[in-house]
Structures are given as structure tokens and as C-alpha cells.
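Structure file structure24.txt (compact mmCIF, C-alpha atoms (C1' of nucleotides)) is printed below.
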# COMPACT_ATOMS: atom_id res chain seq x y z
CA MET A 12 0.00 0.00 0.00
CA GLN A 13 2.86 2.31 -0.91
CA VAL A 14 2.01 5.79 -2.23
CA GLU A 15 4.59 6.52 -4.91
CA ILE A 16 3.96 10.26 -5.22
CA LEU A 17 2.21 12.55 -2.76
CA PRO A 18 -0.73 14.29 -4.49
CA GLN A 19 -1.54 17.92 -3.81
CA LEU A 20 -4.72 18.58 -1.85
CA ALA A 21 -7.32 21.06 -3.05
CA CYS A 22 -7.89 22.28 0.51
CA LEU A 23 -5.26 24.65 1.89
CA CYS A 24 -6.21 23.70 5.42
CA ALA A 25 -5.84 20.00 4.70
CA SER A 26 -2.46 20.75 3.09
CA LEU A 27 -1.35 22.57 6.21
CA ASN A 28 -2.58 19.83 8.50
CA ARG A 29 -0.85 17.12 6.49
CA ALA A 30 2.45 18.96 6.30
CA THR A 31 2.29 19.69 10.02
CA ARG A 32 1.65 16.05 10.91
CA SER A 33 4.53 14.99 8.69
CA VAL A 34 7.06 17.51 9.98
CA THR A 35 5.95 17.24 13.60
CA HIS A 36 6.53 13.51 13.45
CA LEU A 37 10.06 14.12 12.16
CA TYR A 38 10.86 16.63 14.89
CA GLU A 39 9.39 14.58 17.71
CA ARG A 40 11.55 11.64 16.74
CA ALA A 41 14.59 13.89 17.08
CA LEU A 42 13.52 15.86 20.15
CA GLU A 43 12.34 12.95 22.26
CA THR A 44 9.63 15.25 23.54
CA SER A 45 6.49 16.73 22.02
CA VAL A 46 6.73 19.80 19.81
CA PRO A 47 4.21 21.82 21.88
CA ARG A 48 6.22 21.18 25.05
CA PHE A 49 9.52 22.05 23.42
CA THR A 50 8.02 25.18 21.87
CA LEU A 51 6.94 26.41 25.28
CA LEU A 52 10.28 25.63 26.91
CA TYR A 53 12.08 27.38 24.08
CA LEU A 54 9.86 30.46 24.30
CA LEU A 55 10.15 30.74 28.07
CA GLY A 56 13.89 30.26 27.68
CA GLN A 57 13.92 33.53 25.75
CA GLN A 58 11.77 35.48 28.21
CA SER A 59 9.22 34.99 30.92
CA MET A 60 5.68 35.59 29.69
CA VAL A 61 2.15 36.00 30.89
CA GLN A 62 -0.15 33.13 29.96
CA ALA A 63 -2.47 35.09 27.67
CA GLN A 64 0.53 36.50 25.84
CA ILE A 65 1.87 33.00 25.14
CA ALA A 66 -1.53 31.96 23.84
CA GLU A 67 -1.59 34.87 21.41
CA LEU A 68 2.00 34.51 20.20
CA LEU A 69 1.64 30.81 19.49
CA THR A 70 -2.05 31.03 18.61
CA ILE A 71 -2.80 28.28 21.08
CA ASP A 72 -6.22 28.11 22.63
CA ARG A 73 -6.19 29.51 26.15
CA THR A 74 -7.58 26.37 27.71
CA THR A 75 -5.18 24.11 25.85
CA LEU A 76 -2.33 26.17 27.17
CA THR A 77 -3.60 25.88 30.74
CA ARG A 78 -3.18 22.12 30.67
CA THR A 79 0.14 21.95 28.86
CA LEU A 80 1.66 24.54 31.20
CA ALA A 81 0.25 22.68 34.20
CA SER A 82 1.90 19.52 32.96
CA LEU A 83 5.28 21.22 32.53
CA GLU A 84 4.84 22.71 35.99
CA ARG A 85 4.14 19.27 37.48
CA GLN A 86 7.41 18.12 35.92
CA GLY A 87 9.15 21.00 37.69
CA LEU A 88 10.32 22.57 34.43
CA ILE A 89 8.43 25.86 34.68
CA ARG A 90 7.02 28.04 37.44
CA ALA A 91 4.31 30.68 37.60
CA ALA A 92 4.53 33.96 39.49
CA PRO A 93 1.53 36.23 39.98
CA GLY A 94 1.84 39.69 38.42
CA LYS A 95 0.65 42.96 39.86
CA ASP A 96 -2.63 41.98 38.30
CA LYS A 97 -3.57 39.02 40.47
CA ARG A 98 -5.42 37.35 37.61
CA GLU A 99 -2.26 36.96 35.58
CA ARG A 100 0.26 34.14 35.72
CA ARG A 101 3.75 34.94 34.55
CA TRP A 102 5.64 31.81 33.57
CA SER A 103 9.39 31.23 33.55
CA LEU A 104 11.79 28.31 33.48
CA THR A 105 12.99 26.70 36.69
CA SER A 106 16.63 25.63 36.89
CA ASP A 107 15.47 22.11 36.02
CA GLY A 108 13.67 23.63 33.06
CA ARG A 109 16.85 25.35 31.90
CA LYS A 110 18.74 22.08 32.20
CA ALA A 111 16.08 20.22 30.23
CA LEU A 112 16.10 22.89 27.54
CA ALA A 113 19.90 22.71 27.36
CA ARG A 114 19.65 18.96 26.78
CA ILE A 115 17.02 19.30 24.07
CA LEU A 116 18.41 22.31 22.21
CA PRO A 117 21.26 20.48 20.43
CA LYS A 118 18.81 17.84 19.19
CA TRP A 119 16.47 20.54 17.96
CA GLU A 120 19.30 22.35 16.20
CA LYS A 121 20.34 19.15 14.48
CA ALA A 122 16.79 18.51 13.33
CA GLN A 123 16.49 22.07 12.08
CA ALA A 124 19.81 21.93 10.25
CA ARG A 125 19.02 18.60 8.64
CA PHE A 126 15.61 19.64 7.40
CA ARG A 127 16.84 23.06 6.36
CA LYS A 128 19.52 21.44 4.26
CA ARG A 129 16.97 19.09 2.80
CA LEU A 130 14.70 21.96 1.71
CA GLY A 131 17.43 24.46 0.89
CA ALA A 132 18.13 27.63 2.89
CA GLU A 133 16.20 29.90 0.55
CA ARG A 134 12.97 27.89 0.57
CA TRP A 135 13.31 27.40 4.31
CA GLU A 136 13.43 31.13 5.03
CA VAL A 137 10.60 31.92 2.64
CA LEU A 138 8.53 29.18 4.20
CA ILE A 139 8.90 30.45 7.75
CA ALA A 140 8.01 33.96 6.64
CA GLU A 141 5.01 32.72 4.67
CA LEU A 142 3.73 30.58 7.52
CA THR A 143 3.90 33.61 9.78
CA ASN A 144 1.93 35.55 7.19
CA VAL A 145 -0.64 32.78 6.90
CA ALA A 146 -1.09 32.58 10.66
CA ALA A 147 -1.56 36.34 10.80
CA ALA A 148 -3.92 36.35 7.83
CA ALA A 149 -6.15 33.69 9.36
CA ARG A 150 -6.42 35.74 12.56
CA MET A 151 -7.51 38.83 10.61
CA ARG A 152 -10.95 39.93 11.66
CA ALA A 153 -13.30 39.57 8.71
CA THR A 154 -14.94 42.89 9.59
CA ASP A 155 -11.81 44.93 9.12
CA GLY A 156 -13.20 46.45 5.95
CA VAL A 157 -10.39 45.12 3.80
CA ASP A 158 -10.45 41.36 3.37
CA ARG A 159 -6.98 41.34 1.94
CA PHE A 160 -3.85 40.45 3.84
CA ARG A 161 -0.82 42.66 3.32
CA PRO A 162 2.50 41.21 4.44
CA ARG A 163 4.65 43.60 6.49
CA LYS A 164 7.36 45.47 4.59
CA THR A 165 9.82 45.01 7.44
CA ALA A 166 10.20 41.46 8.66
CA PRO A 167 8.62 40.87 12.08
CA PRO A 168 10.99 40.06 14.97
CA ARG A 169 11.90 36.40 15.29
CA LEU A 170 11.51 34.41 18.48
CA MET B 278 -2.92 41.32 26.30
CA GLN B 279 -3.13 42.16 22.59
CA VAL B 280 -0.21 41.10 20.35
CA GLU B 281 0.25 43.88 17.83
CA ILE B 282 2.44 41.99 15.37
CA LEU B 283 2.96 38.27 15.06
CA PRO B 284 6.67 37.45 15.45
CA GLN B 285 8.34 34.79 13.32
CA LEU B 286 9.36 31.62 15.08
CA ALA B 287 12.83 30.17 14.75
CA CYS B 288 11.42 26.64 14.61
CA LEU B 289 9.93 25.57 11.29
CA CYS B 290 7.83 22.96 13.01
CA ALA B 291 6.43 25.48 15.49
CA SER B 292 5.69 27.80 12.56
CA LEU B 293 3.77 25.03 10.83
CA ASN B 294 1.87 24.11 13.95
CA ARG B 295 0.91 27.71 14.66
CA ALA B 296 -0.24 28.40 11.10
CA THR B 297 -2.22 25.16 11.11
CA ARG B 298 -3.98 26.00 14.37
CA SER B 299 -4.82 29.45 13.06
CA VAL B 300 -6.14 28.34 9.67
CA THR B 301 -7.90 25.26 11.02
CA HIS B 302 -9.80 27.45 13.45
CA LEU B 303 -10.92 29.66 10.56
CA TYR B 304 -12.07 26.71 8.46
CA GLU B 305 -13.87 24.94 11.28
CA ARG B 306 -15.88 28.07 11.99
CA ALA B 307 -17.01 28.04 8.38
CA LEU B 308 -17.48 24.28 7.95
CA GLU B 309 -19.38 23.59 11.14
CA THR B 310 -17.48 20.32 11.30
CA SER B 311 -13.90 19.39 12.02
CA VAL B 312 -11.28 19.65 9.30
CA PRO B 313 -10.16 16.00 9.65
CA ARG B 314 -13.75 14.79 9.20
CA PHE B 315 -14.37 17.05 6.23
CA THR B 316 -11.08 16.03 4.65
CA LEU B 317 -12.07 12.38 4.83
CA LEU B 318 -15.55 12.99 3.44
CA TYR B 319 -14.09 15.05 0.62
CA LEU B 320 -11.50 12.41 -0.24
CA LEU B 321 -13.98 9.54 -0.20
CA GLY B 322 -16.28 11.73 -2.29
CA GLN B 323 -13.64 11.57 -5.00
CA GLN B 324 -13.03 7.84 -4.81
CA SER B 325 -13.38 4.91 -2.46
CA MET B 326 -10.13 4.00 -0.80
CA VAL B 327 -8.49 1.35 1.32
CA GLN B 328 -7.70 2.47 4.86
CA ALA B 329 -3.92 2.21 4.62
CA GLN B 330 -4.01 4.21 1.41
CA ILE B 331 -5.92 7.03 3.09
CA ALA B 332 -3.40 7.03 5.92
CA GLU B 333 -0.53 7.43 3.47
CA LEU B 334 -2.14 10.08 1.28
CA LEU B 335 -3.07 12.27 4.22
CA THR B 336 -0.10 11.23 6.35
CA ILE B 337 -2.42 10.39 9.21
CA ASP B 338 -1.35 7.81 11.74
CA ARG B 339 -3.03 4.48 11.06
CA THR B 340 -4.54 4.23 14.52
CA THR B 341 -5.82 7.79 14.47
CA LEU B 342 -7.57 7.03 11.22
CA THR B 343 -9.20 3.91 12.67
CA ARG B 344 -11.07 5.99 15.24
CA THR B 345 -12.05 8.90 13.00
CA LEU B 346 -13.37 6.52 10.35
CA ALA B 347 -15.24 4.54 13.01
CA SER B 348 -16.86 7.75 14.18
CA LEU B 349 -17.97 8.71 10.67
CA GLU B 350 -19.28 5.19 10.22
CA ARG B 351 -21.30 5.45 13.44
CA GLN B 352 -22.84 8.60 12.02
CA GLY B 353 -23.80 6.63 8.93
CA LEU B 354 -21.74 8.83 6.61
CA ILE B 355 -19.30 6.20 5.37
CA ARG B 356 -19.26 2.43 4.96
CA ALA B 357 -16.50 -0.18 4.75
CA ALA B 358 -16.42 -3.11 2.35
CA PRO B 359 -13.85 -5.89 2.62
CA GLY B 360 -11.52 -6.25 -0.36
CA LYS B 361 -10.31 -9.46 -1.91
CA ASP B 362 -7.65 -9.24 0.77
CA LYS B 363 -9.75 -9.85 3.87
CA ARG B 364 -7.49 -7.69 5.99
CA GLU B 365 -8.34 -4.57 3.99
CA ARG B 366 -11.24 -2.21 4.53
CA ARG B 367 -12.32 -0.19 1.51
CA TRP B 368 -14.24 2.92 2.55
CA SER B 369 -16.83 4.83 0.55
CA LEU B 370 -19.57 7.39 1.22
CA THR B 371 -23.10 6.27 2.02
CA SER B 372 -25.98 8.22 0.50
CA ASP B 373 -26.23 10.11 3.81
CA GLY B 374 -22.53 10.80 3.47
CA ARG B 375 -23.01 12.22 -0.02
CA LYS B 376 -25.81 14.43 1.27
CA ALA B 377 -23.68 15.65 4.17
CA LEU B 378 -20.80 16.39 1.82
CA ALA B 379 -23.15 18.28 -0.52
CA ARG B 380 -24.25 20.44 2.41
CA ILE B 381 -20.70 21.17 3.55
CA LEU B 382 -19.05 21.71 0.15
CA PRO B 383 -20.50 25.20 -0.51
CA LYS B 384 -19.31 26.35 2.91
CA TRP B 385 -15.86 24.95 2.24
CA GLU B 386 -15.72 26.62 -1.16
CA LYS B 387 -16.66 29.94 0.39
CA ALA B 388 -13.98 29.55 3.05
CA GLN B 389 -11.43 28.63 0.39
CA ALA B 390 -12.40 31.53 -1.87
CA ARG B 391 -12.31 34.04 0.97
CA PHE B 392 -8.92 32.97 2.23
CA ARG B 393 -7.53 32.62 -1.26
CA LYS B 394 -8.54 36.18 -2.01
CA ARG B 395 -7.02 37.30 1.25
CA LEU B 396 -3.66 35.73 0.41
CA GLY B 397 -3.76 36.32 -3.33
CA ALA B 398 -4.10 33.58 -5.95
CA GLU B 399 -0.39 33.39 -6.67
CA ARG B 400 0.74 32.94 -3.07
CA TRP B 401 -2.10 30.50 -2.50
CA GLU B 402 -0.99 28.18 -5.28
CA VAL B 403 2.66 28.37 -4.35
CA LEU B 404 1.75 27.64 -0.76
CA ILE B 405 -0.22 24.49 -1.54
CA ALA B 406 2.60 23.22 -3.74
CA GLU B 407 5.20 24.02 -1.11
CA LEU B 408 3.23 22.35 1.67
CA THR B 409 2.99 19.23 -0.46
CA ASN B 410 6.74 19.37 -0.98
CA VAL B 411 7.34 19.83 2.74
CA ALA B 412 5.11 16.90 3.64
CA ALA B 413 6.94 14.74 1.10
CA ALA B 414 10.36 15.96 2.28
CA ALA B 415 9.60 15.11 5.90
CA ARG B 416 8.59 11.58 4.89
CA MET B 417 11.88 11.07 3.04
CA ARG B 418 13.85 8.24 4.54
CA ALA B 419 17.07 9.59 5.99
CA THR B 420 18.94 6.60 4.63
CA ASP B 421 18.15 7.33 1.00
CA GLY B 422 21.73 8.34 0.36
CA VAL B 423 20.77 11.85 -0.68
CA ASP B 424 19.51 13.98 2.17
CA ARG B 425 18.25 16.60 -0.22
CA PHE B 426 14.67 16.97 -1.33
CA ARG B 427 14.06 17.61 -5.04
CA PRO B 428 10.64 18.95 -5.94
CA ARG B 429 9.02 17.20 -8.91
CA LYS B 430 9.35 18.91 -12.28
CA THR B 431 5.77 18.04 -13.17
CA ALA B 432 3.19 19.00 -10.57
CA PRO B 433 1.73 16.01 -8.73
CA PRO B 434 -1.98 15.25 -9.30
CA ARG B 435 -4.36 17.20 -7.08
CA LEU B 436 -7.02 15.58 -4.93
C1' DG C 239 1.10 -28.28 3.50
C1' DT C 240 3.83 -25.83 7.20
C1' DT C 241 6.28 -22.01 8.92
C1' DC C 242 7.01 -17.34 9.48
C1' DA C 243 7.89 -12.58 8.33
C1' DA C 244 5.26 -8.94 6.41
C1' DT C 245 0.99 -6.58 6.06
C1' DA C 246 -3.70 -4.51 7.51
C1' DC C 247 -6.13 -3.31 11.14
C1' DG C 248 -7.75 -2.72 16.24
C1' DT C 249 -7.16 -1.43 21.50
C1' DG C 250 -5.11 0.75 25.72
C1' DT C 251 -3.26 4.84 27.12
C1' DA C 252 -1.44 9.58 27.05
C1' DT C 253 -1.06 14.27 25.26
C1' DA C 254 -2.99 18.12 22.25
C1' DT C 255 -6.81 20.69 20.90
C1' DA C 256 -10.85 23.55 21.63
C1' DC C 257 -15.82 24.60 22.86
C1' DA C 258 -19.14 25.71 26.68
C1' DC C 259 -19.32 27.22 30.95
C1' DG C 260 -17.71 28.88 35.57
C1' DT C 261 -14.69 31.88 38.98
C1' DA C 262 -11.79 35.73 40.38
C1' DT C 263 -9.94 40.28 39.47
C1' DT C 264 -9.82 44.71 37.34
C1' DG C 265 -11.18 49.26 36.08
C1' DG C 266 -14.44 52.64 34.63
C1' DG C 267 -19.06 54.97 35.26
C1' DC C 268 -22.15 56.48 38.66
C1' DG D 126 -18.03 53.13 47.64
C1' DC D 127 -21.09 50.26 44.22
C1' DC D 128 -22.14 48.09 39.96
C1' DC D 129 -20.85 45.71 35.95
C1' DA D 130 -18.69 44.72 31.68
C1' DA D 131 -14.23 43.23 30.40
C1' DT D 132 -10.30 40.45 31.32
C1' DA D 133 -7.39 36.31 32.96
C1' DC D 134 -7.70 31.90 34.03
C1' DG D 135 -9.73 27.06 35.22
C1' DT D 136 -12.92 22.72 34.48
C1' DG D 137 -15.96 19.35 32.02
C1' DT D 138 -16.27 17.11 27.90
C1' DA D 139 -15.28 15.63 23.13
C1' DT D 140 -12.33 14.86 19.15
C1' DA D 141 -7.50 14.40 17.13
C1' DT D 142 -3.10 12.50 17.51
C1' DA D 143 0.20 8.78 18.04
C1' DC D 144 2.98 5.16 20.58
C1' DA D 145 3.10 0.30 22.35
C1' DC D 146 1.10 -3.76 21.83
C1' DG D 147 -2.15 -7.37 20.04
C1' DT D 148 -4.92 -10.11 16.24
C1' DA D 149 -5.97 -11.78 11.61
C1' DT D 150 -4.53 -12.51 6.91
C1' DT D 151 -1.32 -13.04 3.25
C1' DG D 152 2.38 -14.82 0.59
C1' DA D 153 6.71 -16.80 -0.05
C1' DA D 154 10.29 -20.12 1.33
C1' DC D 155 10.86 -24.77 2.53
Here is the file; what I need is its structure written in the form of C-alpha cells.
Amino acid sequence: MQVEILPQLACLCASLNRATRSVTHLYERALETSVPRFTLLYLLGQQSMVQAQIAELLTIDRTTLTRTLASLERQGLIRAAPGKDKRERRWSLTSDGRKALARILPKWEKAQARFRKRLGAERWEVLIAELTNVAAAARMRATDGVDRFRPRKTAPPRL
Amino acid sequence: MQVEILPQLACLCASLNRATRSVTHLYERALETSVPRFTLLYLLGQQSMVQAQIAELLTIDRTTLTRTLASLERQGLIRAAPGKDKRERRWSLTSDGRKALARILPKWEKAQARFRKRLGAERWEVLIAELTNVAAAARMRATDGVDRFRPRKTAPPRL
DNA sequence: GTTCAATACGTGTATATACACGTATTGGGC
DNA sequence: GCCCAATACGTGTATATACACGTATTGAAC
């Protein structure tokens, strides 16, 4: 039951979902952890963040994030501190979390380098930029008047 | 906690996951069903297929597919027939399934048209082709000798 | 025909995802 | 101060995802 060539899909969303399943599988083999968990560790390794801010940046549902963060907290990898606003939870890595991230980072970098080489540096960069555009375009409120997404002239900051 | 601009992510896999969450959310609002379920109905609307073949085409884990197909079968939308090989299950739409697909298709086409307009036809087409390439590249066996993905010169068939 | 590795599929379990709904805090209008 | 809509977060429930493991069938080697 071998599929010789991979057909294109008419649905952009189905194309995205398929590519994500395929690539996520590749990364998770290399990382020995799940991509969502690594993504959170990596992000919090850059800077501590309030929960709602993480949800927006990664476009993760608020309630999904609650459980994944709770799980990382149970593992002792992250810790929450209340902000001035007592409703907020500001998350940061614990020292165990930093150690775990340090162990995973080289594996992630290898996976990135391998797949980047496989695709070619040019396509890789274009792809990341385009995926950021697509994520932003899908979040666009339909009632904005213009139903046309305009990519930024200056590249957005990279995290 | 509003994020003014969406930053790029260093991780290609995280970029893919974020874009997929964002776009899937958009489509599911429009479809009033889940994207995986619609994708299966759409595919089986084109042609009946054996389970393992579906798994490969959509790069869905075999065991995930078992449950989603079972759910659609419980709803009476699809039906399995055994092949000559008694291990195989060949799936096709029931008449209820064809009706359901007919109801959903216009909504899907509207969602596609809207988002395609938003992105622009050119970027849309390039994106679907690239996502197909990426899915194929990630499936490439590392031991193929060449660790370099070559896109096909002739576009693959579209389903 | 018998044996056995490969193939097609299912089940138990765990995380990821997201909707509906609920609680606590904040800040502005009065 | 009081009221109340908005905000930040959690819980119950359902589907999606995928690994480890198990069963049935096939086909080829002998």
C-alpha cells in the first residue's frame, strides 16, 4: 500500500494539516519530547511571559495552554509567578527547566539543520516567513473592511 | 494582552503548527465540522479507498484514522467493504454521506475563496505546492543516500 | 502443507486541541 | 463606595493525535 507520489490537496487547510503532521513527526523523533512542550520551553527560555501572551503569540487556545503549562509545571520545568494583576500568571523556566532545555536544544538544532539542508536555505526562510503571514492572515478579523492580507514590509521580529 | 504583530518563530515545526492552528480554526468556523472529518468525506467523495491508502495520502497515523473513520461510520456517513484481501477495509460514502458532503461543500468553497482572495491567488498556489513538498520531504527516509529533497518537475496530481 | 515474516487493522493509554461554561480580578461609570 | 462589563484563568467534555502492543490474513520459502 505504498504511495509513490504525494498528491496535492485542493484544501489549503488540509495541506497545512498534512504537512504539520509529517514535519511534527520528524521533529518529535529527534527531540524525544512533544513539539508543543519544546516550543513552550524554548519560548520561556527567551523570556518569561504571561499566559495570555503565550496563547496569542503561538495562537494556542487559552484552555489548551492551561493544561500543557500545568503539565510542565508538574514536571518541575516551569514556574508561575503572579503579576501585579492578580489574575495573571507569569511563567518562567525553573533551573530544572533550563537544564532540560539545554539537553534538548542540540537535538532541535540538528533537526532544524538537517531539514533546512533538505529543503534548501532559501525555501526554508521563505517558508517560515510565509507561515507567519498565513497565521496572521487567518487571525484577521473579517470585519476589518479590507479582506486582503498585506505582508509587512519590514520582517517581524523572530523568536 | 493584545499582540500587535505576530513574530516569526525560529522553529519551522512550530511555525507550521501555529499556522495550522490558526487556519484550522478559521475553516472549522465556516465548515461547522472538524477539518479532519471534512477532509475524509471530501477524499472519499472523490473515490473509495483502502484504509492504509488514506493514511498514506493524508499522512495520518493508522490508529488515528481507525477511530475517526469509526466515528464517521457510526454517524452513517461512510461504509467499509472488505476487499479481496480480507485484511483490507475499503471505505466509501453512504448516501447520507453524499448528502452531508453536498451540504458542507459550498461552505468549504466559500472559506477557500475568501482565504484565497485574502492571500492572493499566486501565493495561494505556491503555498499548496510548497506544503505538499514539505510533507513529502519530511517523509523522506534519511537513509536514502541523498539527504536533499528535489521537488518534482511536473506537478503532482491534485485531490 | 507448514512455517514465518510482512501486512492490515484494532485497543489501551497519554497528550494536544478547543468549545461551553464557571470563577476571580480589574477598572471605569455612577 | 457600588455596579458591571471586560479580562485572565480554570474545568468538564469531546475529538485528534500517536505510541506500544495485540490479532488476523497473506504470501513466499521450505
Should the cut-off be 8 Å, what would the residue list for chain D against chain A look like, counting only C-alpha atoms (C1' of nucleotides), as a ChimeraX atom specification? /D:133-135
Find the residue from A:Leu55, A:Val34, A:Leu83, A:Ala148 that sits nearest to Ser103 of chain A; use only C-alpha atoms when measuring.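 Using only C-alpha atoms, Ser103 of chain A sits closest to A:Leu55.
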Could you check which of B:Gln285, B:Thr431, B:Thr409, B:Ser311 is closest to Leu334 of chain B, using only C-alpha atoms?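 Checking each of B:Gln285, B:Thr431, B:Thr409, B:Ser311 against Leu334 of chain B, counting only C-alpha atoms, the winner is B:Thr409.
Atom CA of Ala307 of chain B to atom CA of Phe392 of chain B spans 11.3 Å [interatomic distance, one decimal].
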Contact check, chain D to segment 240-262 of chain C, at most 8 Å, counting only C-alpha atoms (C1' of nucleotides), closest pairs as a tab-separated table:
residue	atom	partner	partner_atom	distance
D:DG135	C1'	C:DT261	C1'	7.9
D:DT136	C1'	C:DG260	C1'	7.9
D:DA141	C1'	C:DT255	C1'	7.4
D:DT142	C1'	C:DA254	C1'	7.4
D:DG147	C1'	C:DT249	C1'	7.9
D:DT148	C1'	C:DG248	C1'	7.9
D:DT151	C1'	C:DT245	C1'	7.4
Could you save the residues just selected, with C-alpha atoms (C1' of nucleotides), as a PDB file, in the frame of the given file?
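Full text of selection_16.pdb as output:
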ATOM      1  C1'  DG D 135      -9.730  27.060  35.220  1.00  0.00           C
ATOM      2  C1'  DT D 136     -12.920  22.720  34.480  1.00  0.00           C
ATOM      3  C1'  DA D 141      -7.500  14.400  17.130  1.00  0.00           C
ATOM      4  C1'  DT D 142      -3.100  12.500  17.510  1.00  0.00           C
ATOM      5  C1'  DG D 147      -2.150  -7.370  20.040  1.00  0.00           C
ATOM      6  C1'  DT D 148      -4.920 -10.110  16.240  1.00  0.00           C
ATOM      7  C1'  DT D 151      -1.320 -13.040   3.250  1.00  0.00           C
TER       8       DT D 151
END
Interface residues on chain B facing chain A, 8 Å, all atoms listed in the file, written as JSON, numbers by chain: {"B": [278, 279, 280, 282, 283, 284, 285, 286, 287, 288, 289, 290, 291, 292, 293, 294, 295, 296, 297, 298, 299, 300, 301, 303, 304, 312, 313, 316, 329, 330, 333, 334, 335, 336, 337, 389, 391, 392, 394, 395, 396, 397, 401, 405, 406, 408, 409, 411, 412, 413, 414, 415, 416, 424, 425, 426, 433, 434, 435, 436]}
One-decimal distance in Å that lies between atom CA of Trp102 of chain A and atom CA of Met60 of chain A: 5.4 Å
Which neighbours of Arg85 of chain A fall inside 12 Å, counting all atoms listed in the file, when residues of the same chain fewer than 6 positions from it are skipped, and could you give them as JSON, numbers by chain? {"A": [78, 79, 91, 105, 107, 108]}
Please produce a file of the residues just selected, as a PDB file, in the coordinates of the input, where the atoms kept are C-alpha atoms.
ATOM      1  CA  ARG A  78      -3.180  22.120  30.670  1.00  0.00           C
ATOM      2  CA  THR A  79       0.140  21.950  28.860  1.00  0.00           C
ATOM      3  CA  ALA A  91       4.310  30.680  37.600  1.00  0.00           C
ATOM      4  CA  THR A 105      12.990  26.700  36.690  1.00  0.00           C
ATOM      5  CA  ASP A 107      15.470  22.110  36.020  1.00  0.00           C
ATOM      6  CA  GLY A 108      13.670  23.630  33.060  1.00  0.00           C
TER       7      GLY A 108
END
Have a look at A:Lys110, A:Arg40, A:Lys118, A:Lys95 and name the one nearest to chain C; count all atoms listed in the file. A:Lys95
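In this model, the gap between atom CA of Leu88 of chain A and atom CA of Arg48 of chain A comes to 10.3 Å.
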N, CA and C atoms are what I want for segment 58-79 of chain A; can you complete it accordingly and write them as a short mmCIF file (atom, residue, chain, number, x, y, z; two decimals), keeping the file's coordinate frame?
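Result written to selection-v2.cif:
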data_model
loop_
_atom_site.label_atom_id
_atom_site.label_comp_id
_atom_site.auth_asym_id
_atom_site.auth_seq_id
_atom_site.Cartn_x
_atom_site.Cartn_y
_atom_site.Cartn_z
N GLN A 58 12.29 34.47 27.29
CA GLN A 58 11.77 35.48 28.21
C GLN A 58 10.57 34.93 28.96
N SER A 59 10.41 35.38 30.17
CA SER A 59 9.22 34.99 30.92
C SER A 59 8.01 35.69 30.29
N MET A 60 6.86 35.04 30.36
CA MET A 60 5.68 35.59 29.69
C MET A 60 4.41 35.29 30.46
N VAL A 61 3.47 36.19 30.30
CA VAL A 61 2.15 36.00 30.89
C VAL A 61 1.37 35.03 30.01
N GLN A 62 0.53 34.22 30.65
CA GLN A 62 -0.15 33.13 29.96
C GLN A 62 -0.91 33.56 28.70
N ALA A 63 -1.66 34.64 28.81
CA ALA A 63 -2.47 35.09 27.67
C ALA A 63 -1.59 35.54 26.52
N GLN A 64 -0.42 36.04 26.86
CA GLN A 64 0.53 36.50 25.84
C GLN A 64 1.10 35.30 25.07
N ILE A 65 1.41 34.24 25.78
CA ILE A 65 1.87 33.00 25.14
C ILE A 65 0.82 32.48 24.18
N ALA A 66 -0.42 32.47 24.66
CA ALA A 66 -1.53 31.96 23.84
C ALA A 66 -1.64 32.73 22.54
N GLU A 67 -1.48 34.05 22.61
CA GLU A 67 -1.59 34.87 21.41
C GLU A 67 -0.41 34.65 20.47
N LEU A 68 0.80 34.67 21.02
CA LEU A 68 2.00 34.51 20.20
C LEU A 68 1.98 33.21 19.43
N LEU A 69 1.60 32.14 20.12
CA LEU A 69 1.64 30.81 19.49
C LEU A 69 0.29 30.44 18.90
N THR A 70 -0.69 31.32 19.08
CA THR A 70 -2.05 31.03 18.61
C THR A 70 -2.50 29.66 19.11
N ILE A 71 -2.31 29.48 20.42
CA ILE A 71 -2.80 28.28 21.08
C ILE A 71 -4.04 28.67 21.87
N ASP A 72 -5.03 27.82 21.85
CA ASP A 72 -6.22 28.11 22.63
C ASP A 72 -5.84 28.23 24.11
N ARG A 73 -6.44 29.21 24.75
CA ARG A 73 -6.19 29.51 26.15
C ARG A 73 -6.29 28.28 27.04
N THR A 74 -7.33 27.50 26.82
CA THR A 74 -7.58 26.37 27.71
C THR A 74 -6.64 25.20 27.42
N THR A 75 -6.19 25.11 26.18
CA THR A 75 -5.18 24.11 25.85
C THR A 75 -3.89 24.43 26.58
N LEU A 76 -3.57 25.71 26.56
CA LEU A 76 -2.33 26.17 27.17
C LEU A 76 -2.34 25.91 28.67
N THR A 77 -3.48 26.13 29.30
CA THR A 77 -3.60 25.88 30.74
C THR A 77 -3.10 24.48 31.10
N ARG A 78 -3.52 23.50 30.31
CA ARG A 78 -3.18 22.12 30.67
C ARG A 78 -1.73 21.76 30.34
N THR A 79 -1.24 22.26 29.22
CA THR A 79 0.14 21.95 28.86
C THR A 79 1.10 22.62 29.84
#
